Every structure is written in structure tokens, then in C-alpha cells.
>>> print(open('entry23.tsv').read())   # TSV, C-alpha atoms
chain	number	residue	atom	x	y	z
R	1	MET	CA	-11.36	-11.71	-6.62
R	2	ASP	CA	-10.41	-8.59	-8.56
R	3	PRO	CA	-6.65	-7.80	-8.73
R	4	LEU	CA	-6.68	-4.87	-6.31
R	5	SER	CA	-8.60	-6.83	-3.68
R	6	ASP	CA	-6.33	-9.80	-4.28
R	7	VAL	CA	-3.16	-7.80	-3.64
R	8	LEU	CA	-4.60	-6.02	-0.60
R	9	SER	CA	-5.64	-9.37	0.88
R	10	LEU	CA	-1.99	-10.46	0.77
R	11	LEU	CA	-0.69	-7.17	2.12
R	12	ARG	CA	-3.08	-7.22	5.09
R	13	PRO	CA	-2.65	-3.52	5.94
R	14	ARG	CA	-2.81	-2.64	9.60
R	15	SER	CA	-3.03	0.85	10.97
R	16	ALA	CA	-1.45	2.91	13.70
R	17	PHE	CA	-2.99	6.19	14.80
R	18	SER	CA	-0.75	9.25	14.84
R	19	ALA	CA	-1.39	12.37	16.88
R	20	GLY	CA	-3.28	15.21	15.25
R	21	LEU	CA	-1.70	18.62	14.63
R	22	ASP	CA	-3.40	21.83	15.78
R	23	ALA	CA	-1.46	24.90	14.59
R	24	GLY	CA	-1.96	28.66	14.65
R	25	GLY	CA	-0.40	31.62	12.84
R	26	ASP	CA	2.64	31.01	10.63
R	27	TRP	CA	4.66	27.87	11.26
R	28	ALA	CA	6.95	25.25	9.72
R	29	ILE	CA	7.59	21.73	11.04
R	30	ARG	CA	10.10	19.15	9.86
R	31	PHE	CA	9.21	15.45	10.19
R	32	PRO	CA	11.86	12.69	10.11
R	33	ALA	CA	11.94	9.62	7.86
R	34	HIS	CA	9.22	7.12	8.76
R	35	ASP	CA	8.30	3.49	8.30
R	36	GLY	CA	5.16	2.43	6.49
R	37	ILE	CA	2.77	4.59	4.47
R	38	LYS	CA	1.53	7.79	6.09
R	39	PHE	CA	-2.01	8.98	5.54
R	40	ASN	CA	-3.16	12.49	6.53
R	41	ALA	CA	-6.35	14.50	6.22
R	42	VAL	CA	-6.67	18.28	6.68
R	43	THR	CA	-9.89	19.30	8.40
R	44	ARG	CA	-9.14	23.02	8.89
R	45	GLY	CA	-6.83	25.57	7.27
R	46	ALA	CA	-4.14	24.99	4.64
R	47	CYS	CA	-0.38	24.48	4.36
R	48	TRP	CA	2.41	23.30	2.07
R	49	VAL	CA	3.84	19.77	2.02
R	50	ALA	CA	7.46	19.45	0.85
R	51	VAL	CA	8.88	15.92	0.60
R	52	GLU	CA	12.64	15.49	0.55
R	53	GLY	CA	13.85	14.71	-2.97
R	54	GLU	CA	10.77	16.13	-4.69
R	55	ALA	CA	11.18	19.26	-6.79
R	56	GLU	CA	7.83	20.88	-6.08
R	57	PRO	CA	5.88	21.27	-2.82
R	58	ILE	CA	2.14	20.62	-2.82
R	59	ARG	CA	-0.53	22.90	-1.37
R	60	ILE	CA	-3.18	21.14	0.73
R	61	ALA	CA	-6.32	22.62	2.24
R	62	ALA	CA	-9.32	21.62	4.34
R	63	GLY	CA	-10.96	18.55	2.85
R	64	ASP	CA	-7.76	17.28	1.19
R	65	CYS	CA	-6.09	13.98	2.03
R	66	PHE	CA	-2.64	12.70	1.07
R	67	LEU	CA	-0.46	9.60	1.23
R	68	LEU	CA	3.30	9.70	1.83
R	69	THR	CA	4.60	6.54	0.19
R	70	ARG	CA	8.40	6.61	0.39
R	71	GLY	CA	9.12	7.15	4.06
R	72	ARG	CA	11.23	10.23	3.31
R	73	PRO	CA	11.59	13.24	5.64
R	74	PHE	CA	9.09	15.99	4.87
R	75	ARG	CA	8.01	19.45	5.98
R	76	LEU	CA	4.62	20.98	6.64
R	77	ALA	CA	4.51	24.78	6.63
R	78	THR	CA	2.33	27.80	6.01
R	79	ASP	CA	5.48	29.37	4.51
R	80	LEU	CA	8.35	27.13	3.37
R	81	ALA	CA	10.81	30.01	3.80
R	82	LEU	CA	10.31	29.89	7.58
R	83	PRO	CA	12.88	28.04	9.71
R	84	ALA	CA	11.35	24.67	10.62
R	85	ILE	CA	11.13	23.23	14.11
R	86	GLU	CA	11.59	19.48	14.62
R	87	SER	CA	8.30	17.62	15.01
R	88	ALA	CA	9.48	15.95	18.22
R	89	THR	CA	9.54	19.31	20.01
R	90	ILE	CA	5.73	19.51	19.89
R	91	TYR	CA	4.65	15.88	19.41
R	92	ASP	CA	6.51	14.78	22.54
R	93	GLN	CA	4.27	17.20	24.44
R	94	ALA	CA	1.03	16.10	22.73
R	95	VAL	CA	-2.06	16.12	24.95
R	96	ASP	CA	-4.81	13.58	24.19
R	97	THR	CA	-2.95	12.62	20.98
R	98	VAL	CA	-3.03	16.21	19.64
R	99	ALA	CA	0.18	18.24	19.19
R	100	THR	CA	-0.16	22.03	19.37
R	101	CYS	CA	1.96	24.60	17.53
R	102	ASN	CA	1.71	28.37	18.13
R	103	GLY	CA	-1.36	27.95	20.29
R	104	GLY	CA	-3.39	26.22	17.55
R	105	GLY	CA	-6.75	27.30	16.17
R	106	ASP	CA	-6.06	27.93	12.46
R	107	PHE	CA	-5.05	24.55	11.08
R	108	PHE	CA	-5.88	20.96	11.99
R	109	LEU	CA	-4.57	17.72	10.51
R	110	VAL	CA	-5.23	14.16	11.62
R	111	GLY	CA	-3.27	11.20	10.37
R	112	GLY	CA	-2.58	7.51	10.52
R	113	ARG	CA	0.03	5.12	9.27
R	114	PHE	CA	-0.23	1.82	7.39
R	115	PHE	CA	2.05	-1.16	7.84
R	116	PHE	CA	1.96	-4.28	5.71
R	117	ALA	CA	2.45	-7.93	6.58
R	118	GLY	CA	2.78	-9.15	3.00
R	119	ASP	CA	5.58	-8.83	0.44
R	120	ALA	CA	3.54	-7.44	-2.47
R	121	ALA	CA	3.62	-3.79	-1.43
R	122	GLY	CA	5.85	-2.90	-4.38
R	123	LEU	CA	3.03	-3.69	-6.80
R	124	LEU	CA	0.95	-0.88	-5.31
R	125	PHE	CA	3.47	1.70	-4.21
R	126	ASP	CA	6.50	1.53	-6.51
R	127	ALA	CA	4.58	3.28	-9.29
R	128	LEU	CA	3.08	5.94	-7.01
R	129	PRO	CA	4.77	9.31	-6.45
R	130	ALA	CA	6.29	10.15	-3.07
R	131	ILE	CA	3.15	12.13	-2.22
R	132	VAL	CA	-0.32	11.19	-3.45
R	133	PRO	CA	-2.73	14.12	-2.94
R	134	ILE	CA	-6.48	13.51	-3.00
R	135	ARG	CA	-8.40	16.74	-3.52
R	136	ASP	CA	-11.86	17.29	-2.13
R	137	ALA	CA	-13.36	17.11	-5.61
R	138	SER	CA	-15.27	13.86	-5.10
R	139	ASN	CA	-17.89	12.77	-2.63
R	140	GLN	CA	-15.78	9.67	-2.13
R	141	ALA	CA	-13.28	11.76	-0.17
R	142	ALA	CA	-15.87	11.97	2.60
R	143	ILE	CA	-15.45	8.23	3.14
R	144	LEU	CA	-11.78	8.79	3.85
R	145	ARG	CA	-12.44	11.48	6.42
R	146	TRP	CA	-15.17	9.42	8.09
R	147	ALA	CA	-12.93	6.36	8.28
R	148	LEU	CA	-10.05	8.36	9.73
R	149	ASP	CA	-12.29	10.00	12.33
R	150	GLN	CA	-13.72	6.60	13.24
R	151	LEU	CA	-10.22	5.14	13.49
R	152	ALA	CA	-9.28	7.82	16.01
R	153	VAL	CA	-12.39	7.03	18.05
R	154	GLU	CA	-11.71	3.28	18.04
R	155	LEU	CA	-8.12	3.63	19.16
R	156	ARG	CA	-8.90	6.23	21.82
R	157	GLN	CA	-11.81	4.34	23.37
R	158	GLY	CA	-10.20	0.91	23.41
R	159	ALA	CA	-13.61	-0.75	22.99
R	160	PRO	CA	-13.88	-4.54	22.50
R	161	GLY	CA	-13.03	-5.46	18.93
R	162	GLY	CA	-11.22	-2.16	18.40
R	163	ALA	CA	-8.08	-3.71	16.90
R	164	LEU	CA	-10.08	-5.59	14.26
R	165	MET	CA	-12.18	-2.51	13.51
R	166	ALA	CA	-9.01	-0.44	13.08
R	167	ASP	CA	-7.55	-2.92	10.61
R	168	HIS	CA	-10.72	-2.89	8.50
R	169	LEU	CA	-10.88	0.90	8.58
R	170	ALA	CA	-7.27	1.01	7.41
R	171	GLN	CA	-8.14	-1.14	4.42
R	172	ILE	CA	-11.13	1.07	3.60
R	173	MET	CA	-8.97	4.20	3.66
R	174	LEU	CA	-6.20	2.72	1.57
R	175	LEU	CA	-8.63	1.30	-0.97
R	176	GLN	CA	-10.46	4.61	-1.34
R	177	VAL	CA	-7.21	6.52	-1.89
R	178	LEU	CA	-6.16	4.07	-4.59
R	179	ARG	CA	-9.58	4.21	-6.26
R	180	LEU	CA	-9.54	7.99	-6.34
R	181	TRP	CA	-5.98	8.00	-7.67
R	182	LEU	CA	-6.95	5.59	-10.46
R	183	VAL	CA	-9.73	7.87	-11.74
R	184	SER	CA	-8.09	11.25	-11.13
R	185	GLU	CA	-4.56	10.70	-12.44
R	186	ARG	CA	-2.71	8.78	-15.14
R	187	PRO	CA	-1.18	5.98	-13.09
R	188	THR	CA	1.73	3.91	-14.36
R	189	GLY	CA	2.98	0.45	-13.52
R	190	TRP	CA	0.60	-2.14	-12.13
R	191	LEU	CA	-1.95	0.49	-11.15
R	192	GLY	CA	-1.76	1.81	-14.69
R	193	ALA	CA	-2.81	-1.62	-15.95
R	194	LEU	CA	-5.83	-1.54	-13.62
R	195	ALA	CA	-6.80	1.82	-15.10
R	196	ASP	CA	-6.70	0.39	-18.64
R	197	PRO	CA	-9.96	-1.58	-19.14
R	198	ARG	CA	-8.39	-4.04	-21.59
R	199	LEU	CA	-5.31	-4.78	-19.52
R	200	ALA	CA	-7.49	-4.93	-16.41
R	201	ARG	CA	-9.48	-7.77	-17.96
R	202	ALA	CA	-6.31	-9.76	-18.51
R	203	LEU	CA	-5.08	-9.06	-14.96
R	204	THR	CA	-8.44	-10.13	-13.56
R	205	ALA	CA	-8.20	-13.40	-15.47
R	206	LEU	CA	-4.69	-14.04	-14.10
R	207	HIS	CA	-5.76	-13.31	-10.55
R	208	THR	CA	-8.92	-15.37	-10.86
R	209	GLU	CA	-7.03	-18.48	-12.04
R	210	PRO	CA	-3.34	-18.06	-11.13
R	211	ALA	CA	-2.67	-21.81	-11.34
R	212	ARG	CA	-3.98	-22.09	-14.91
R	213	ARG	CA	-1.42	-22.67	-17.67
R	214	TRP	CA	-2.10	-19.38	-19.39
R	215	THR	CA	-0.83	-18.66	-22.87
R	216	LEU	CA	-0.18	-15.24	-24.33
R	217	ALA	CA	-2.92	-15.86	-26.89
R	218	GLU	CA	-5.50	-16.58	-24.16
R	219	LEU	CA	-4.61	-13.46	-22.22
R	220	ALA	CA	-4.69	-11.34	-25.36
R	221	ALA	CA	-8.16	-12.71	-26.09
R	222	CYS	CA	-9.29	-11.69	-22.57
R	223	ALA	CA	-8.05	-8.18	-23.32
R	224	GLY	CA	-9.64	-8.13	-26.78
R	225	MET	CA	-6.29	-7.41	-28.45
R	226	SER	CA	-3.89	-9.13	-30.78
R	227	ARG	CA	-1.03	-11.03	-29.15
R	228	THR	CA	1.58	-8.61	-30.45
R	229	ILE	CA	-0.25	-5.45	-29.37
R	230	PHE	CA	-1.25	-6.95	-26.03
R	231	ALA	CA	2.27	-8.11	-25.20
R	232	ALA	CA	3.77	-4.74	-26.11
R	233	ARG	CA	1.10	-2.76	-24.24
R	234	PHE	CA	1.32	-4.92	-21.09
R	235	ARG	CA	5.09	-4.66	-20.96
R	236	ALA	CA	5.08	-0.92	-21.59
R	237	VAL	CA	2.62	-0.28	-18.75
R	238	VAL	CA	3.50	-2.96	-16.17
R	239	GLY	CA	7.23	-3.17	-16.91
R	240	GLN	CA	7.34	-6.92	-17.53
R	241	THR	CA	5.74	-9.51	-19.78
R	242	PRO	CA	2.36	-11.01	-18.86
R	243	LEU	CA	3.83	-14.44	-18.15
R	244	ALA	CA	6.66	-12.95	-16.08
R	245	TYR	CA	4.03	-11.09	-14.07
R	246	LEU	CA	2.10	-14.33	-13.60
R	247	ALA	CA	5.23	-16.14	-12.37
R	248	GLY	CA	5.91	-13.36	-9.87
R	249	TRP	CA	2.32	-13.35	-8.61
R	250	ARG	CA	2.44	-17.11	-8.11
R	251	MET	CA	5.54	-16.65	-5.96
R	252	GLN	CA	3.80	-13.97	-3.91
R	253	ARG	CA	0.87	-16.31	-3.25
R	254	ALA	CA	3.20	-19.17	-2.42
R	255	ALA	CA	5.23	-17.01	-0.03
R	256	ASP	CA	2.03	-15.93	1.69
R	257	ARG	CA	0.96	-19.53	2.27
R	258	LEU	CA	4.42	-20.49	3.49
R	259	ARG	CA	4.30	-17.61	5.95
R	260	ARG	CA	0.73	-18.10	7.14
R	261	SER	CA	0.21	-21.86	7.12
R	262	ASP	CA	1.90	-25.22	7.63
R	263	THR	CA	0.72	-26.56	4.27
R	264	SER	CA	3.32	-28.82	2.64
R	265	VAL	CA	5.61	-27.34	0.02
R	266	ALA	CA	4.33	-29.85	-2.53
R	267	GLU	CA	0.71	-28.83	-1.99
R	268	ILE	CA	1.58	-25.14	-2.25
R	269	ALA	CA	3.52	-25.83	-5.45
R	270	TYR	CA	0.54	-27.49	-7.10
R	271	SER	CA	-1.90	-24.83	-5.83
R	272	VAL	CA	-0.02	-22.04	-7.62
R	273	GLY	CA	0.38	-23.87	-10.92
R	274	TYR	CA	3.59	-25.92	-10.76
R	275	GLU	CA	3.50	-29.50	-11.96
R	276	SER	CA	6.29	-30.64	-9.65
R	277	GLU	CA	7.70	-29.67	-6.29
R	278	THR	CA	11.20	-29.59	-7.80
R	279	ALA	CA	10.23	-27.03	-10.44
R	280	PHE	CA	8.57	-24.91	-7.77
R	281	ARG	CA	11.59	-25.05	-5.44
R	282	THR	CA	13.88	-23.99	-8.28
R	283	ALA	CA	11.63	-21.08	-9.28
R	284	PHE	CA	11.13	-20.00	-5.67
R	285	ARG	CA	14.83	-19.94	-4.92
R	286	ARG	CA	15.59	-18.01	-8.10
R	287	ARG	CA	13.08	-15.30	-7.21
R	288	MET	CA	13.14	-15.21	-3.40
R	289	LEU	CA	16.88	-16.01	-3.01
R	290	CYS	CA	16.15	-18.78	-0.51
R	291	THR	CA	14.42	-22.16	-0.50
R	292	PRO	CA	10.75	-22.47	0.52
R	293	MET	CA	11.74	-24.13	3.81
R	294	GLN	CA	14.31	-21.44	4.57
R	295	TYR	CA	11.60	-18.87	3.96
R	296	ARG	CA	9.25	-20.71	6.32
R	297	ARG	CA	11.93	-21.13	8.98
R	298	GLY	CA	12.49	-17.38	8.83
R	299	ARG	CA	8.80	-16.97	9.67
R	300	ASP	CA	9.08	-19.43	12.54
R	301	ALA	CA	12.15	-17.66	13.92
R	302	LEU	CA	10.26	-14.34	13.85
R	303	LEU	CA	7.30	-15.86	15.67
R	304	LEU	CA	9.60	-17.33	18.31
R	305	HIS	CA	11.32	-13.97	18.75
R	306	ARG	CA	7.99	-12.25	19.28
R	307	THR	CA	6.92	-14.93	21.78
R	308	LEU	CA	10.09	-14.55	23.87
R	309	ARG	CA	9.99	-10.76	23.99
>>> encode(input="entry23.tsv", output="C-alpha cells")
Amino acid sequence: MDPLSDVLSLLRPRSAFSAGLDAGGDWAIRFPAHDGIKFNAVTRGACWVAVEGEAEPIRIAAGDCFLLTRGRPFRLATDLALPAIESATIYDQAVDTVATCNGGGDFFLVGGRFFFAGDAAGLLFDALPAIVPIRDASNQAAILRWALDQLAVELRQGAPGGALMADHLAQIMLLQVLRLWLVSERPTGWLGALADPRLARALTALHTEPARRWTLAELAACAGMSRTIFAARFRAVVGQTPLAYLAGWRMQRAADRLRRSDTSVAEIAYSVGYESETAFRTAFRRRMLCTPMQYRRGRDALLLHRTLR
């Protein structure tokens, strides 16, 4: 499995549909802080997006999509100098999942939100800006709009299998945004390594065989670079050494199995490349700040809580 697919498989994104926005004339709306990753697509008109803490607003127009990755409050407005109304004042009155501002007619936006079950979200989102705009410069953007429209249909109709369809559509949308970002910008961090063909080969090797006892020389050979240049380049882009990255990824995979299965700790330890359960327990506690069994019991307590609600 390629690294991006591997990480997304652990994150298991699920989606929640948000009401559309139909606005007319001049307007400004303030949205509060939010959980998860927001995804929006403009199908008519244009406006500004200003995210709290960001120096410059971004102009979006029909055909554009954007991710909001930090959960910060933000404003949408035709003119940022206008006094903003709180989003709840119109969204609480939404009809058929569409909120209307100033009678509507000039601007329309539809959006969704992603939530993640896994712990590896930082790999994808820590290196992204607070807002990730995707301009309508590629035919691939049409896939995003189709998936979002289909998501709205699935959740409105409540047809059999709708929940599973929505989850798969969410993954399609998120994957397409990340693909477009990789080719249109100069990403940093882990995504920056995926955009570098040589580093991507090394990452693919690590994700293909995470339990293998990799050496720096072997990874450098995968990348077609000398050990010194490879080590320096990987650390500069990813922010850690290749072997430190491998250790962290092994812990992510182990945590996922602890959370999703009843496989023994010893078997999980061997499956991610540790030669003894003791060594694995020590490494897990150092990174996750709890023992493997404490981590698993936390999962069990959450499941029990959900059952009793």
C-alpha cells in the first residue's frame, strides 16, 4: 500500500453533512470554532474567507473548494469590512439543510466535515495551512464537487447503505484534495516527502515492510541517494530521521490494532517489527505515555460508555 493510502486507512475518515449556504447581496457571517476538518465547495458566486490567526483572507469563487484544517473560527463575507452576523442566527433556521442569508440567490456553498477515528491525523494536517484552497484549474476538481453533491443526496435520502457510501465518499473527497494540493503547491512535512519522488520511494518502502529491520543505507538506496544526503534531506523535509519516522509509524500501526482488535500484545509487537514483547512495551509507553494494555482498556471503556448511552 502506498503511504497516503496507508495513513488514510488508519485514519478511517467519516463524514458529516453540513447545511448549504444560499446568500444574496452583500453579507458577512462569522462561524465559531469547530471539530474535525471542514470541507466546502462554492457552486455559485464568490466571497472572502478569513480564518482567525491568518494574516491574509482568501478569495473563493464558483468552482473552488477549500479545507479548513485547524478548527479555528472563520468568516465568510462579500466584504470583510461589513459587520458579521453569527452563523447560528441563520443556520438554526435552515430549511431542508440550506441556510438563507439576505434572501439568497447570488451565492451558494455546500459543505461537509471530516472526523477521524485514528491517531495519525497529524501526519497529514500538521504541515497543511489553516485553509487549503483548491482552485478550479484542474478537471480533478469536478470529482470533488460530484462527491460532495452525492454525499448530500445520500444523507438526505437515507437509502440503505447510505452510511457506508458516505464514508467512502468522504475518503474520495479528502484524497482528491490532498492529491491536488501535492501537485499545485510546495508542501512541507510528511506531505512534502510524498511530493519528492526520491523520498517518496523510501517512504513507500517503509510502509510496504514496516516490520523489516531497515538500515539507513537500505533506505538511501531506495531513494537513489547517498546515506548522508538522504538522511539530511529526509530530516529537513519530514522533521525527523528516517528511523525515528519508522519507529513512530510502527507505534501508530500497533495502536490501531490495539484499538480495533483483541490480538495479543506479543503478536502485535512482532507484527510491527519488535523482537520481544518487553522491548515493544517499553517503546510504546515512551511514545504513547501509557502501556499497551492501558491503551486497550481506554478503548474498552469508550465502547462501554457508548453502549450505555
>>> closest_residue(input="entry23.tsv", among="R:Leu123, R:Leu182, R:Cys101, R:Val265", to="R:Glu277", atoms="only C-alpha atoms")
R:Val265
>>> residues_near_point(input="entry23.tsv", point="(10.2, 6.9, 2.5)", cutoff="10 Å", atoms="only C-alpha atoms", output="compact mmCIF listing (two decimals) with C-alpha atoms, in the coordinates of the input")
# COMPACT_ATOMS: atom_id res chain seq x y z
CA PRO R 32 11.86 12.69 10.11
CA ALA R 33 11.94 9.62 7.86
CA HIS R 34 9.22 7.12 8.76
CA ASP R 35 8.30 3.49 8.30
CA GLY R 36 5.16 2.43 6.49
CA ILE R 37 2.77 4.59 4.47
CA LYS R 38 1.53 7.79 6.09
CA VAL R 51 8.88 15.92 0.60
CA GLU R 52 12.64 15.49 0.55
CA LEU R 68 3.30 9.70 1.83
CA THR R 69 4.60 6.54 0.19
CA ARG R 70 8.40 6.61 0.39
CA GLY R 71 9.12 7.15 4.06
CA ARG R 72 11.23 10.23 3.31
CA PRO R 73 11.59 13.24 5.64
CA PHE R 74 9.09 15.99 4.87
CA ALA R 130 6.29 10.15 -3.07
CA ILE R 131 3.15 12.13 -2.22
>>> atom_distance(input="entry23.tsv", atom1="atom CA of R:Val183", atom2="atom CA of R:Leu151")
25.4 Å
>>> residues_near_point(input="entry23.tsv", point="(-11.5, 20.3, 5.4)", cutoff="6 Å", atoms="all atoms listed in the file", output="CSV table (one decimal) with C-alpha atoms, in the frame of the given file")
chain,number,residue,atom,x,y,z
R,42,VAL,CA,-6.7,18.3,6.7
R,43,THR,CA,-9.9,19.3,8.4
R,44,ARG,CA,-9.1,23.0,8.9
R,62,ALA,CA,-9.3,21.6,4.3
R,63,GLY,CA,-11.0,18.6,2.8
>>> residues_around(input="entry23.tsv", residues="R:Pro129", least_positions_apart="3", cutoff="10 Å", atoms="only C-alpha atoms", output="list in words")
Glu54, Leu67, Leu68, Thr69, Arg70, Phe125, Asp126, Val132, Pro133 and Pro187 of chain R
>>> closest_residue(input="entry23.tsv", among="R:Ala166, R:Ala223, R:Leu21, R:Leu178", to="R:Ala200", atoms="all atoms listed in the file")
R:Ala223
>>> closest_residue(input="entry23.tsv", among="R:Thr291, R:Thr278, R:Gln93, R:Thr228", to="R:Ala255", atoms="all atoms listed in the file")
R:Thr291
>>> closest_residue(input="entry23.tsv", among="R:Glu209, R:Met225, R:Leu191, R:Phe31", to="R:Ala84", atoms="only C-alpha atoms")
R:Phe31
>>> residues_around(input="entry23.tsv", residues="R:Leu144", least_positions_apart="3", cutoff="10 Å", atoms="all atoms listed in the file", output="number ranges by chain")
R: 39-41, 63-65, 134, 139-141, 147-150, 169-170, 172-177
>>> residues_around(input="entry23.tsv", residues="R:Ala220", least_positions_apart="5", cutoff="12 Å", atoms="only C-alpha atoms", output="JSON, numbers by chain")
{"R": [198, 199, 200, 201, 202, 203, 205, 206, 214, 215, 225, 226, 227, 228, 229, 230, 231, 232, 233, 234, 241, 242, 243]}
>>> closest_residue(input="entry23.tsv", among="R:Ala19, R:Val238, R:Leu164, R:Ala247", to="R:Ala195", atoms="all atoms listed in the file")
R:Val238
>>> closest_residue(input="entry23.tsv", among="R:Leu258, R:Trp48, R:Leu10, R:Arg30", to="R:Thr89", atoms="only C-alpha atoms")
R:Arg30
